[in-house]
Structures are given as C-alpha cells and as structure tokens.
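The file upload.cif contains mmCIF, C-alpha atoms:
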```
data_data
#
loop_
_atom_site.label_atom_id
_atom_site.label_comp_id
_atom_site.auth_asym_id
_atom_site.auth_seq_id
_atom_site.Cartn_x
_atom_site.Cartn_y
_atom_site.Cartn_z
CA MET A 1 143.44 104.58 108.47
CA VAL A 2 145.11 107.68 109.86
CA ASN A 3 145.08 108.81 113.46
CA THR A 4 142.13 111.18 113.72
CA THR A 5 142.67 112.50 117.24
CA THR A 6 140.71 115.74 117.51
CA ALA A 7 142.17 119.07 118.53
CA ALA A 8 140.28 118.73 121.81
CA GLY A 9 142.70 115.99 122.87
CA LEU A 10 142.32 112.41 124.03
CA VAL A 11 139.45 110.77 125.87
CA GLY A 12 141.88 108.64 127.89
CA VAL A 13 144.83 106.27 127.76
CA VAL A 14 145.81 102.79 128.94
CA LEU A 15 149.52 102.52 129.71
CA LEU A 16 151.53 99.31 129.96
CA ALA A 17 154.79 100.26 131.67
CA ARG A 18 157.79 98.04 132.26
CA HIS A 19 159.58 98.29 135.57
CA GLY A 20 162.92 100.02 136.00
CA ASP A 21 166.44 98.64 136.47
CA ARG A 22 166.68 95.96 139.14
CA THR A 23 169.08 93.69 140.95
CA THR A 24 170.05 90.36 139.42
CA TYR A 25 167.65 87.46 139.51
CA TYR A 26 167.31 83.93 138.20
CA GLN A 27 164.50 82.77 135.93
CA ASP A 28 164.05 79.01 135.67
CA PRO A 29 164.16 78.24 131.91
CA ASN A 30 161.82 75.27 132.34
CA THR A 31 159.03 77.07 134.21
CA TYR A 32 159.84 80.80 134.02
CA ASN A 33 159.32 81.09 137.76
CA SER A 34 161.85 83.60 139.07
CA THR A 35 163.68 84.60 142.22
CA GLN A 36 163.11 87.93 143.93
CA ALA A 37 164.61 91.14 142.57
CA TYR A 38 164.65 94.68 143.89
CA ILE A 39 164.58 98.05 142.20
CA THR A 40 167.81 100.07 142.13
CA PRO A 41 168.31 103.84 142.35
CA LEU A 42 168.90 103.76 138.59
CA GLY A 43 165.58 102.00 138.12
CA GLU A 44 163.81 104.53 140.32
CA GLN A 45 165.24 107.37 138.25
CA GLN A 46 164.24 105.67 134.99
CA GLU A 47 160.65 105.33 136.19
CA PHE A 48 160.58 108.90 137.50
CA GLU A 49 161.75 110.12 134.09
CA LEU A 50 159.05 108.02 132.44
CA GLY A 51 156.44 109.57 134.72
CA SER A 52 157.71 113.05 133.83
CA PHE A 53 157.51 112.21 130.13
CA LEU A 54 153.94 110.97 130.53
CA ARG A 55 153.07 114.10 132.47
CA ASN A 56 154.34 116.31 129.66
CA THR A 57 152.53 114.18 127.07
CA TYR A 58 149.11 113.74 128.69
CA LEU A 59 148.78 116.41 131.41
CA ASN A 60 150.16 119.37 129.47
CA PRO A 61 147.30 121.42 127.95
CA ASP A 62 149.62 122.45 125.10
CA SER A 63 150.31 118.84 124.12
CA PRO A 64 148.37 117.37 121.16
CA SER A 65 147.87 114.28 123.35
CA PHE A 66 146.41 116.18 126.31
CA ILE A 67 143.67 114.17 128.00
CA GLN A 68 140.41 116.08 128.15
CA ASN A 69 139.34 117.29 131.60
CA ILE A 70 142.14 115.57 133.50
CA SER A 71 143.55 117.21 136.62
CA THR A 72 146.97 118.54 135.69
CA ASP A 73 148.73 119.55 138.93
CA VAL A 74 146.89 118.15 141.93
CA VAL A 75 145.99 114.52 141.36
CA ASN A 76 142.36 113.49 141.36
CA VAL A 77 142.68 109.86 142.43
CA ASP A 78 139.30 109.04 140.89
CA GLN A 79 140.81 109.76 137.47
CA LEU A 80 143.60 107.17 137.78
CA THR A 81 143.65 103.41 138.06
CA VAL A 82 147.10 101.98 138.81
CA ARG A 83 147.87 98.28 139.16
CA ALA A 84 151.23 96.57 139.68
CA ASP A 85 152.55 93.06 140.09
CA ALA A 86 153.61 92.78 143.74
CA GLY A 87 155.36 89.42 143.52
CA GLY A 88 159.04 88.57 143.16
CA GLY A 89 160.47 91.35 145.33
CA ASN A 90 159.58 95.02 145.12
CA VAL A 91 160.85 95.96 141.67
CA ILE A 92 157.53 96.25 139.82
CA LEU A 93 155.46 97.73 142.63
CA ASN A 94 158.10 100.30 143.56
CA SER A 95 158.51 101.14 139.87
CA ALA A 96 154.87 102.18 139.85
CA TYR A 97 155.43 104.50 142.81
CA ALA A 98 158.49 106.05 141.16
CA LEU A 99 156.57 106.59 137.92
CA LEU A 100 153.77 108.32 139.82
CA GLN A 101 156.27 110.67 141.48
CA GLY A 102 157.12 111.93 138.00
CA LEU A 103 153.53 111.95 136.77
CA TYR A 104 152.20 113.95 139.71
CA PRO A 105 155.23 115.45 141.48
CA SER A 106 155.17 117.22 144.82
CA THR A 107 153.39 120.57 144.68
CA GLN A 108 152.49 123.39 147.02
CA LYS A 109 149.05 123.31 145.40
CA SER A 110 148.23 120.12 147.30
CA GLU A 111 147.95 121.96 150.61
CA ILE A 112 144.59 122.06 152.38
CA THR A 113 143.03 124.36 154.95
CA LEU A 114 141.40 122.90 158.05
CA ALA A 115 138.19 124.21 159.59
CA ASN A 116 140.18 126.15 162.18
CA GLY A 117 142.11 127.96 159.45
CA THR A 118 145.33 125.93 159.74
CA THR A 119 147.07 125.26 156.42
CA ILE A 120 148.51 121.76 155.96
CA LEU A 121 151.01 120.80 153.27
CA PRO A 122 151.67 117.07 152.76
CA PRO A 123 155.19 115.81 153.63
CA LEU A 124 158.14 116.14 151.26
CA GLY A 125 157.03 119.49 149.91
CA GLY A 126 153.54 118.41 148.94
CA TYR A 127 154.08 114.77 147.99
CA GLN A 128 151.03 113.31 146.26
CA TYR A 129 149.96 109.85 147.41
CA VAL A 130 148.36 107.95 144.53
CA PRO A 131 146.75 104.57 145.38
CA VAL A 132 148.28 101.54 143.67
CA GLU A 133 146.53 98.17 143.55
CA SER A 134 149.25 95.63 144.30
CA LEU A 135 148.44 92.27 142.78
CA GLU A 136 150.05 89.37 144.61
CA PHE A 137 150.98 86.22 142.74
CA TRP A 138 148.37 84.14 144.58
CA GLN A 139 145.51 86.61 144.07
CA SER A 140 145.14 86.38 140.29
CA PRO A 141 147.10 85.14 137.26
CA SER A 142 146.32 88.37 135.37
CA LEU A 143 149.84 89.85 135.41
CA THR A 144 151.89 86.63 135.76
CA SER A 145 149.87 84.14 133.74
CA TRP A 146 152.82 82.05 132.52
CA MET A 147 153.75 80.97 136.05
CA ASP A 148 152.46 77.55 137.18
CA CYS A 149 150.85 77.13 133.76
CA GLU A 150 151.43 73.51 132.75
CA TYR A 151 150.63 74.06 129.08
CA PHE A 152 153.12 76.93 128.97
CA GLN A 153 155.75 74.59 130.38
CA SER A 154 154.85 72.11 127.63
CA HIS A 155 155.23 74.97 125.15
CA LEU A 156 158.77 75.54 126.48
CA THR A 157 159.61 71.84 126.21
CA ARG A 158 158.47 71.69 122.59
CA PHE A 159 160.32 74.86 121.70
CA TYR A 160 163.61 73.61 123.18
CA VAL A 161 163.56 70.60 120.82
CA SER A 162 162.41 72.55 117.75
CA SER A 163 164.67 72.92 114.73
CA ALA A 164 164.63 76.70 115.10
CA PHE A 165 165.95 76.50 118.66
CA ILE A 166 168.53 73.83 117.85
CA ASN A 167 169.84 75.80 114.87
CA MET A 168 170.12 79.05 116.81
CA SER A 169 171.71 77.23 119.74
CA THR A 170 174.34 75.85 117.37
CA THR A 171 174.96 79.32 115.97
CA ALA A 172 175.32 80.78 119.46
CA ALA A 173 177.60 78.02 120.78
CA PRO A 174 180.98 79.68 119.97
CA PHE A 175 179.86 82.91 121.64
CA LEU A 176 178.51 81.10 124.70
CA SER A 177 181.81 79.26 125.09
CA ALA A 178 183.76 82.53 124.85
CA LEU A 179 181.37 84.14 127.35
CA LYS A 180 181.64 81.39 129.97
CA PRO A 181 184.59 82.95 131.91
CA TYR A 182 182.43 86.04 132.46
CA LEU A 183 179.42 84.20 133.87
CA GLY A 184 180.68 83.18 137.29
CA GLY A 185 178.50 80.28 138.40
CA VAL A 186 175.77 80.93 135.85
CA SER A 187 175.24 78.19 133.28
CA ASN A 188 175.94 79.16 129.68
CA ASN A 189 173.15 76.91 128.41
CA PHE A 190 171.30 78.69 125.62
CA THR A 191 167.97 78.31 127.48
CA ASN A 192 169.21 80.62 130.26
CA MET A 193 168.63 84.39 130.36
CA ILE A 194 172.40 84.93 130.27
CA TYR A 195 171.99 88.53 129.15
CA ASP A 196 170.48 89.47 132.50
CA HIS A 197 173.61 88.42 134.40
CA VAL A 198 175.90 90.11 131.90
CA ASN A 199 173.90 93.34 131.94
CA VAL A 200 173.74 93.60 135.74
CA GLN A 201 177.46 92.93 136.12
CA TYR A 202 178.32 95.34 133.31
CA THR A 203 176.23 98.06 134.97
CA TYR A 204 177.45 97.67 138.57
CA ASN A 205 180.79 95.84 138.56
CA GLN A 206 183.58 98.21 137.47
CA THR A 207 186.10 95.43 136.88
CA TYR A 208 183.58 93.55 134.76
CA TYR A 209 182.77 96.75 132.86
CA LYS A 210 186.43 97.23 131.97
CA THR A 211 187.23 93.63 131.04
CA LEU A 212 184.14 92.38 129.18
CA PRO A 213 184.95 92.25 125.42
CA SER A 214 183.30 95.14 123.61
CA THR A 215 180.72 93.16 121.62
CA PHE A 216 179.68 90.64 124.27
CA LEU A 217 176.87 92.66 125.86
CA GLN A 218 175.28 93.32 122.47
CA GLN A 219 175.63 89.68 121.42
CA ALA A 220 174.07 88.47 124.67
CA ARG A 221 171.15 90.87 124.12
CA TYR A 222 170.69 89.69 120.54
CA TYR A 223 170.32 86.06 121.59
CA ALA A 224 168.10 86.97 124.54
CA ASP A 225 165.80 88.95 122.25
CA TRP A 226 165.54 86.03 119.85
CA LEU A 227 164.88 83.53 122.63
CA GLN A 228 162.22 85.57 124.41
CA SER A 229 160.43 86.61 121.21
CA ASN A 230 160.00 82.94 120.36
CA ILE A 231 158.94 81.88 123.84
CA PHE A 232 156.28 84.57 124.36
CA THR A 233 154.66 84.35 120.94
CA ASP A 234 152.76 81.64 119.11
CA SER A 235 151.58 80.82 115.60
CA VAL A 236 147.96 81.64 116.54
CA ASN A 237 146.62 84.47 118.67
CA ASN A 238 145.03 82.17 121.23
CA GLY A 239 148.13 79.99 121.49
CA ILE A 240 149.66 79.39 124.90
CA GLY A 241 152.83 81.25 123.91
CA GLN A 242 150.78 84.48 123.92
CA ILE A 243 149.51 83.92 127.45
CA ALA A 244 151.37 86.92 128.92
CA ILE A 245 149.01 89.32 127.12
CA ARG A 246 145.94 87.08 126.94
CA THR A 247 145.15 87.58 130.64
CA LEU A 248 145.90 91.32 130.51
CA LEU A 249 143.74 92.17 127.50
CA PRO A 250 140.43 91.93 129.44
CA GLU A 251 141.63 94.75 131.71
CA VAL A 252 142.56 96.79 128.64
CA PHE A 253 139.15 96.22 127.04
CA TRP A 254 137.35 97.08 130.27
CA ALA A 255 139.38 100.25 130.83
CA LEU A 256 138.97 101.59 127.29
CA GLY A 257 135.28 100.69 127.23
CA ASN A 258 134.63 102.46 130.52
CA MET A 259 136.31 105.60 129.23
CA THR A 260 133.56 105.93 126.62
CA LYS A 261 130.84 106.16 129.28
CA THR A 262 129.66 109.57 130.49
CA SER A 263 129.56 108.30 134.08
CA ASN A 264 133.23 107.24 133.97
CA GLN A 265 135.84 109.34 135.78
CA VAL A 266 138.98 107.33 135.02
CA LYS A 267 141.15 109.02 132.40
CA MET A 268 144.35 107.02 132.78
CA ASN A 269 144.81 103.31 133.47
CA ILE A 270 148.38 102.23 134.29
CA GLN A 271 149.53 98.61 134.40
CA GLU A 272 153.09 98.18 135.74
CA ILE A 273 154.41 94.89 134.38
CA ASP A 274 157.31 92.68 133.32
CA TYR A 275 158.70 92.58 129.76
CA LYS A 276 156.76 89.50 128.65
CA PRO A 277 153.35 91.05 127.83
CA PHE A 278 155.04 93.55 125.49
CA ILE A 279 156.34 90.73 123.28
CA SER A 280 152.97 89.00 123.10
CA LEU A 281 151.04 92.25 122.55
CA PHE A 282 153.17 93.29 119.60
CA ASN A 283 152.71 89.84 118.09
CA VAL A 284 148.92 89.53 118.47
CA THR A 285 148.35 93.03 117.04
CA ASN A 286 150.69 92.39 114.08
CA ALA A 287 152.76 95.40 115.12
CA THR A 288 155.96 93.46 114.42
CA VAL A 289 154.96 93.03 110.78
CA THR A 290 155.72 96.69 110.06
CA ASP A 291 158.19 97.20 112.95
CA PRO A 292 160.11 93.91 113.36
CA ASP A 293 162.75 95.52 115.59
CA ILE A 294 160.29 95.72 118.51
CA SER A 295 159.89 91.94 118.74
CA GLY A 296 162.47 91.43 121.50
CA ILE A 297 162.74 92.43 125.17
CA ALA A 298 161.45 95.90 125.93
CA ASN A 299 164.00 98.05 127.77
CA TYR A 300 163.60 99.08 131.39
CA ALA A 301 160.94 101.79 131.82
CA ALA A 302 159.49 101.10 128.37
CA VAL A 303 155.84 101.99 127.89
CA VAL A 304 153.03 101.16 125.48
CA ALA A 305 150.23 103.71 125.20
CA LEU A 306 146.81 102.68 123.94
CA GLU A 307 145.27 106.07 123.30
CA LEU A 308 141.52 106.53 123.05
CA SER A 309 140.17 109.39 120.94
CA GLN A 310 137.04 110.39 119.04
CA ASP A 311 136.88 111.29 115.37
CA SER A 312 134.73 114.08 113.94
CA GLN A 313 131.76 111.69 113.75
CA GLY A 314 132.10 110.79 117.44
CA GLN A 315 133.44 107.29 116.79
CA TYR A 316 135.94 105.98 119.33
CA GLU A 317 139.36 105.01 118.00
CA VAL A 318 142.43 103.35 119.50
CA SER A 319 146.03 104.12 118.57
CA MET A 320 149.11 102.28 119.89
CA LYS A 321 152.41 104.03 120.62
CA PHE A 322 155.66 102.76 122.09
CA LYS A 323 158.57 104.34 123.91
CA ASN A 324 161.42 101.89 124.48
CA GLY A 325 162.82 103.09 127.78
CA THR A 326 164.85 106.20 128.55
CA GLU A 327 166.86 105.64 125.35
CA ASP A 328 163.86 106.94 123.37
CA SER A 329 162.99 110.61 123.77
CA GLN A 330 159.54 110.37 122.16
CA PHE A 331 156.74 107.95 121.43
CA ARG A 332 156.88 105.90 118.28
CA GLN A 333 153.63 105.32 116.39
CA LEU A 334 152.95 101.62 115.81
CA LYS A 335 150.49 99.96 113.48
CA MET A 336 147.87 97.49 114.64
CA PHE A 337 146.63 95.16 111.91
CA GLY A 338 148.20 97.47 109.35
CA ASN A 339 146.58 100.71 110.61
CA THR A 340 147.84 103.57 112.76
CA SER A 341 144.43 103.67 114.43
CA ILE A 342 141.37 101.44 114.46
CA THR A 343 137.93 101.76 115.98
CA LEU A 344 137.54 100.58 119.55
CA ASP A 345 134.98 98.00 118.38
CA SER A 346 137.40 96.67 115.78
CA PHE A 347 140.24 96.55 118.33
CA ILE A 348 138.13 94.39 120.64
CA GLN A 349 136.77 92.21 117.84
CA HIS A 350 140.26 91.47 116.54
CA LEU A 351 141.53 90.37 119.94
CA PHE A 352 138.50 89.09 121.84
CA SER A 353 139.12 85.44 120.97
CA THR A 354 142.64 85.82 122.34
CA THR A 355 141.59 86.66 125.88
CA ILE A 356 141.56 84.64 129.08
CA ASN A 357 139.15 86.59 131.25
CA SER A 358 138.91 84.73 134.55
CA THR A 359 140.85 82.51 136.92
CA ASN A 360 138.60 79.63 135.91
CA ASN A 361 139.45 80.14 132.24
CA TRP A 362 143.15 80.43 133.12
CA CYS A 363 143.02 77.12 135.02
CA PHE A 364 141.40 75.46 132.01
CA SER A 365 143.80 77.10 129.53
CA CYS A 366 146.82 76.01 131.58
CA ASN A 367 145.72 72.51 132.63
CA GLN A 368 146.11 73.63 136.24
CA THR A 369 143.74 72.06 138.80
CA VAL A 370 145.50 72.76 142.11
CA LEU A 371 147.60 75.92 142.26
CA ARG A 372 146.64 79.62 142.05
CA GLY A 373 143.04 79.11 143.13
CA CYS A 374 142.26 76.33 140.65
CA SER A 375 141.43 73.73 143.30
CA VAL A 376 138.00 75.29 143.95
CA PHE A 377 136.73 74.46 140.45
CA ASN A 378 135.24 71.11 139.43
CA TYR A 379 136.80 69.65 136.30
CA SER A 380 135.59 66.06 136.76
CA ASN A 381 133.29 66.21 133.73
CA ASP A 382 135.54 68.33 131.55
CA PRO A 383 136.44 66.39 128.35
CA PHE A 384 139.22 68.88 127.57
CA LEU A 385 141.12 68.39 130.82
CA TYR A 386 144.71 67.30 130.30
CA GLY A 387 144.62 68.64 126.76
CA TYR A 388 142.25 66.32 124.92
CA GLY A 389 141.15 68.29 121.89
CA THR A 390 143.34 71.30 122.64
CA GLY A 391 146.59 70.29 120.99
CA TYR A 392 148.56 70.78 124.21
CA THR A 393 148.80 67.25 125.57
CA ARG A 394 152.05 66.29 127.20
#
```
Can the structure in the file be given as structure tokens, please?
Amino acid sequence: MVNTTTAAGLVGVVLLARHGDRTTYYQDPNTYNSTQAYITPLGEQQEFELGSFLRNTYLNPDSPSFIQNISTDVVNVDQLTVRADAGGGNVILNSAYALLQGLYPSTQKSEITLANGTTILPPLGGYQYVPVESLEFWQSPSLTSWMDCEYFQSHLTRFYVSSAFINMSTTAAPFLSALKPYLGGVSNNFTNMIYDHVNVQYTYNQTYYKTLPSTFLQQARYYADWLQSNIFTDSVNNGIGQIAIRTLLPEVFWALGNMTKTSNQVKMNIQEIDYKPFISLFNVTNATVTDPDISGIANYAAVVALELSQDSQGQYEVSMKFKNGTEDSQFRQLKMFGNTSITLDSFIQHLFSTTINSTNNWCFSCNQTVLRGCSVFNYSNDPFLYGYGTGYTR
C-alpha cells in the first residue's frame, strides 16, 4: 500500500525522539539499571537541530507533511503533548526542552498587551515555554519498563548463555583484548556497553581522540549494535525482550486515536526516550525485514515519526518514518508489515497483543510484586505468578 497523504497535509504525528549527547554513564549488564548522566552542549545543539527540522517538516505550510490547522509561530500548548523520562540525571528531560526550542523558537509574535496598554515580551527575545510532563522512574514503568523487571533479567541471563552470544563473544575476543588499554577501569567483558565509554572519550578527550586506532570506534559500535539488538528484541511480539516498546505502545495508540476525534486539539505528541524502544519498535513492526541496518542503537537525537493522514475516502492511515540523528538530513520512509502505510485500525490490530497497558499488567508481566508500585496489588491467587505457564520461570 502506498502512502496516500492528501494534499491538505497530515492530521497529526506521534514522535519518538532519542535524547542528545550526554556524559558517560554505566549500565549494569545484568539488570540494565544505569547511573546518572547529563546532557552536554553538543547534545543540546543536536536536539535543537532536531526541533528545527521538525518545525520545517510539520509547521511549514509549504511542506507536504504540514499538519492541518496547527499553530506555526506562536505555540498553542493545547496542540502539543510532550512527555520525557525524568530519571537517571537530566539528559532526557533537558533534551525535550532543547528540542522544543527548535520546534517553537523565540519570537516577537509571542508578546501580549495588558489591559493598561503595556506590551510584554517573554524573556530571551520571546522564549516560548512549552509544558513537558516529566515521568519519574517511580511514577510509572511506561518509559523505563525494563528496569526492575525480573523476567527481563531472566531474559538477559538466558541470552548470555546462548550459542549466539557465546559465538559472537568468541569472535569479538581479539578486538576486546586489543581495546583493553583504552578502557581505563572499564571491564572489557562482552556484556558491557563498552562502546559508550569509547565514544565519550573519543568525543571529549583529545589525547584519546589522537591515539585510539582508527577502526576501534567503529568496531565497538558494531558489537554494541549487535548486542543491543538481541537484548531488546524477542522471537515473539509479546516476548519480554520487546518490553521497551510494549509499555509505550498504549500511549501511541491513545494519541493517534484521539487525533481522529473532532473534539481533539492535540496535533503533535512527543515522547523523549532512550534508545531501547527504537530497537523493539522496529522489530515488532517488521521494519527491520526490509531495512536491516536500522536494527541497532539509534543515534543521538534520532526520531521516529508515526504520521496520521486521511485518504480520499476519509480512512485514517499511519506511516512510519525515521531520521537517525543529525547525520541524516531527511526522513527515511520505513515499511510496517511490508507496507509504507497501513490503516490506523490495522496498525492497532497488529500490535495490540504486544502491549502492556497498566502498572498492574507490568507487574504481572515482569514477576514484580514489590517495587515500582507493585506492592499494592494482590497476587495471592494468581496461578501465573513466578512464571508458571508463561515460559519465563527462573
């Protein structure tokens, strides 16, 4: 099926945006809990550029992807929903603010006139303050569903003893040994996100930049891509390896569905997230079947756009596009289930069984009875607790 976006433009869009460049952090390979990290000036600029790109794509009346009836210069906060993971330092939340600076930059048009005739321009030349819902780790598992998920930890344990992991670890061993002098105190165990350390040092340490062998950064990225694409996917859509997108999909469904209602005002829904949901999303939609190169870690300031349009018969359709960070100048059209666009109903039907749509369901899906709000639920009569019948027993 071809993309049948009408000349009138889009109905709306849901955007999944990865945060910008950040300081170094450590991610426990056995739990995927991580230390705090903070956005850098480079990361802020990457997100600002992403916001500017999105502005030109969706707020420009001359763009084929212009969103119908959206405010183009002065933000109408009722037309935007923005949510960001607020845990683990400020990198994701502040990325959302930087993106919004590019999407709705400062403008003299934002001035107002008081009853007494005084004209007031917001600070910083008309800075536009867009509300962002900051989602703390303890509030909901929606954006960080792999953390404190016991079945996900079991998934990691099984993967680390799989033949695929052992074989790739053996292949990587000579490189990891050669890389060890460049890792400082970081372990060169294949389970570690070694690429993150190498990339941060290569970006900010001039001595490291000059002395690291020319192919080492690319090799570290190759193995990181392979590792993460295996950890955050599964053989079935409702498998625990897909959990990063399974808790986010209900928000996507809700946002797209609301955009079809005449009473709805929201035209753009932005979710500022980590790299993990990208991997799972591309897998559950079969996007990697036709574009296998997107299966790894999305670059900083990458974005997925789920565009909602109407065809000539008034049927709502969804199309998925991807821009892999500032390295890409334009969106790339992806296929979902073999099509460049599918009806909204079909999109939901394909993925509905994948979703985890409440904290209660997350607790059940993760075998978690204490942390992240799970202690308030009663599982005493649940025959599936601890994995009986689910295939995820320890």
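Comparing A:Tyr38, A:Phe165, A:Trp254, A:Phe152 by their smallest distance to Asn269 in chain A, the closest is A:Trp254 (using all atoms listed in the file).
Of the listed residues (A:Gly373, A:Gly20, A:Gly314, A:Pro213), A:Gly20 comes nearest to Gly51 in chain A; the distances count only C-alpha atoms.
The shortest atom-to-atom distance to Glu327 in chain A, with all atoms listed in the file taken into account, belongs to A:Leu50 out of A:Ile356, A:Leu50, A:Val74, A:Leu15.
Using the PyMOL selection byres ((chain A and resi 30-34) around 8) on this structure selects A:Tyr25, A:Tyr26, A:Gln27, A:Asp28, A:Pro29, A:Thr35, A:Gln36, A:Gly88, A:Trp146, A:Met147, A:Asp148, A:Phe152, A:Gln153, A:Leu156, A:Thr157.
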Evaluate the PyMOL selection byres ((chain A and resi 342) around 8) against this structure - the residues, as a list in words, please. Met1, Glu317, Val318, Ser319, Met336, Asn339, Thr340, Ser341, Thr343, Leu344, Ser346 and Phe347 of chain A
What's around range 128-138 of chain A at 9 Å? Count all atoms listed in the file, leave out sequence neighbours fewer than 4 positions away in its own chain, and write the answer as number ranges by chain. A: 74-77, 80-88, 93, 96-97, 100-101, 104-107, 110, 122-123, 142-144, 147, 371-373
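Using only C-alpha atoms, the nearest neighbour of Tyr204 in chain A within the list A:Ile67, A:Ala305, A:Ile294, A:Leu42 is A:Leu42.
The residue that comes closest to Asp234 in chain A, out of A:Thr369, A:Thr247, A:Thr354, A:Gln139 and on the basis of all atoms listed in the file, is A:Thr354.
Taking CA of Ile39 in chain A as the reference point, CA of Tyr202 in chain A is found at 16.6 Å.
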Take the PyMOL selection byres ((chain A and resi 208) around 12), apply it to the structure above, and return the hits as a VMD selection string. chain A and resid 181 to 184 197 to 207 209 to 214 216 to 217
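If you count only C-alpha atoms and draw a sphere of 9 Å around (166.4, 101.5, 138.9), the protein and nucleic acid residues inside it come out as His19, Gly20, Asp21, Arg22, Thr23, Tyr38, Ile39, Thr40, Pro41, Leu42, Gly43, Glu44, Gln45, Gln46, Glu47, Val91, Ser95, Tyr300 and Ala301 of chain A.
Atom pair CA of Ser71 in chain A / CA of Leu59 in chain A has a distance of 7.4 Å (rounded to one decimal).
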Find the residue from A:Val186, A:Ala115, A:Cys374, A:Ile270 that sits nearest to Glu251 in chain A; use only C-alpha atoms when measuring. A:Ile270
If I take CA of Lys261 in chain A and CA of Asp311 in chain A, how far is one from the other in Å, to one decimal? 16.0 Å
Show me as a PyMOL selection string the residues that reach within 8 Å of (157.1, 107.7, 123.9), counting all atoms listed in the file and using the file's own coordinates. chain A and resi 53+303-304+321-324+328-332
Find the residues around Lys276 in chain A up to 8 Å (all atoms listed in the file counted), leave out those fewer than 2 positions away in its own chain, and share them as a PyMOL selection string. chain A and resi 228+232+244-245+274+278-280+297
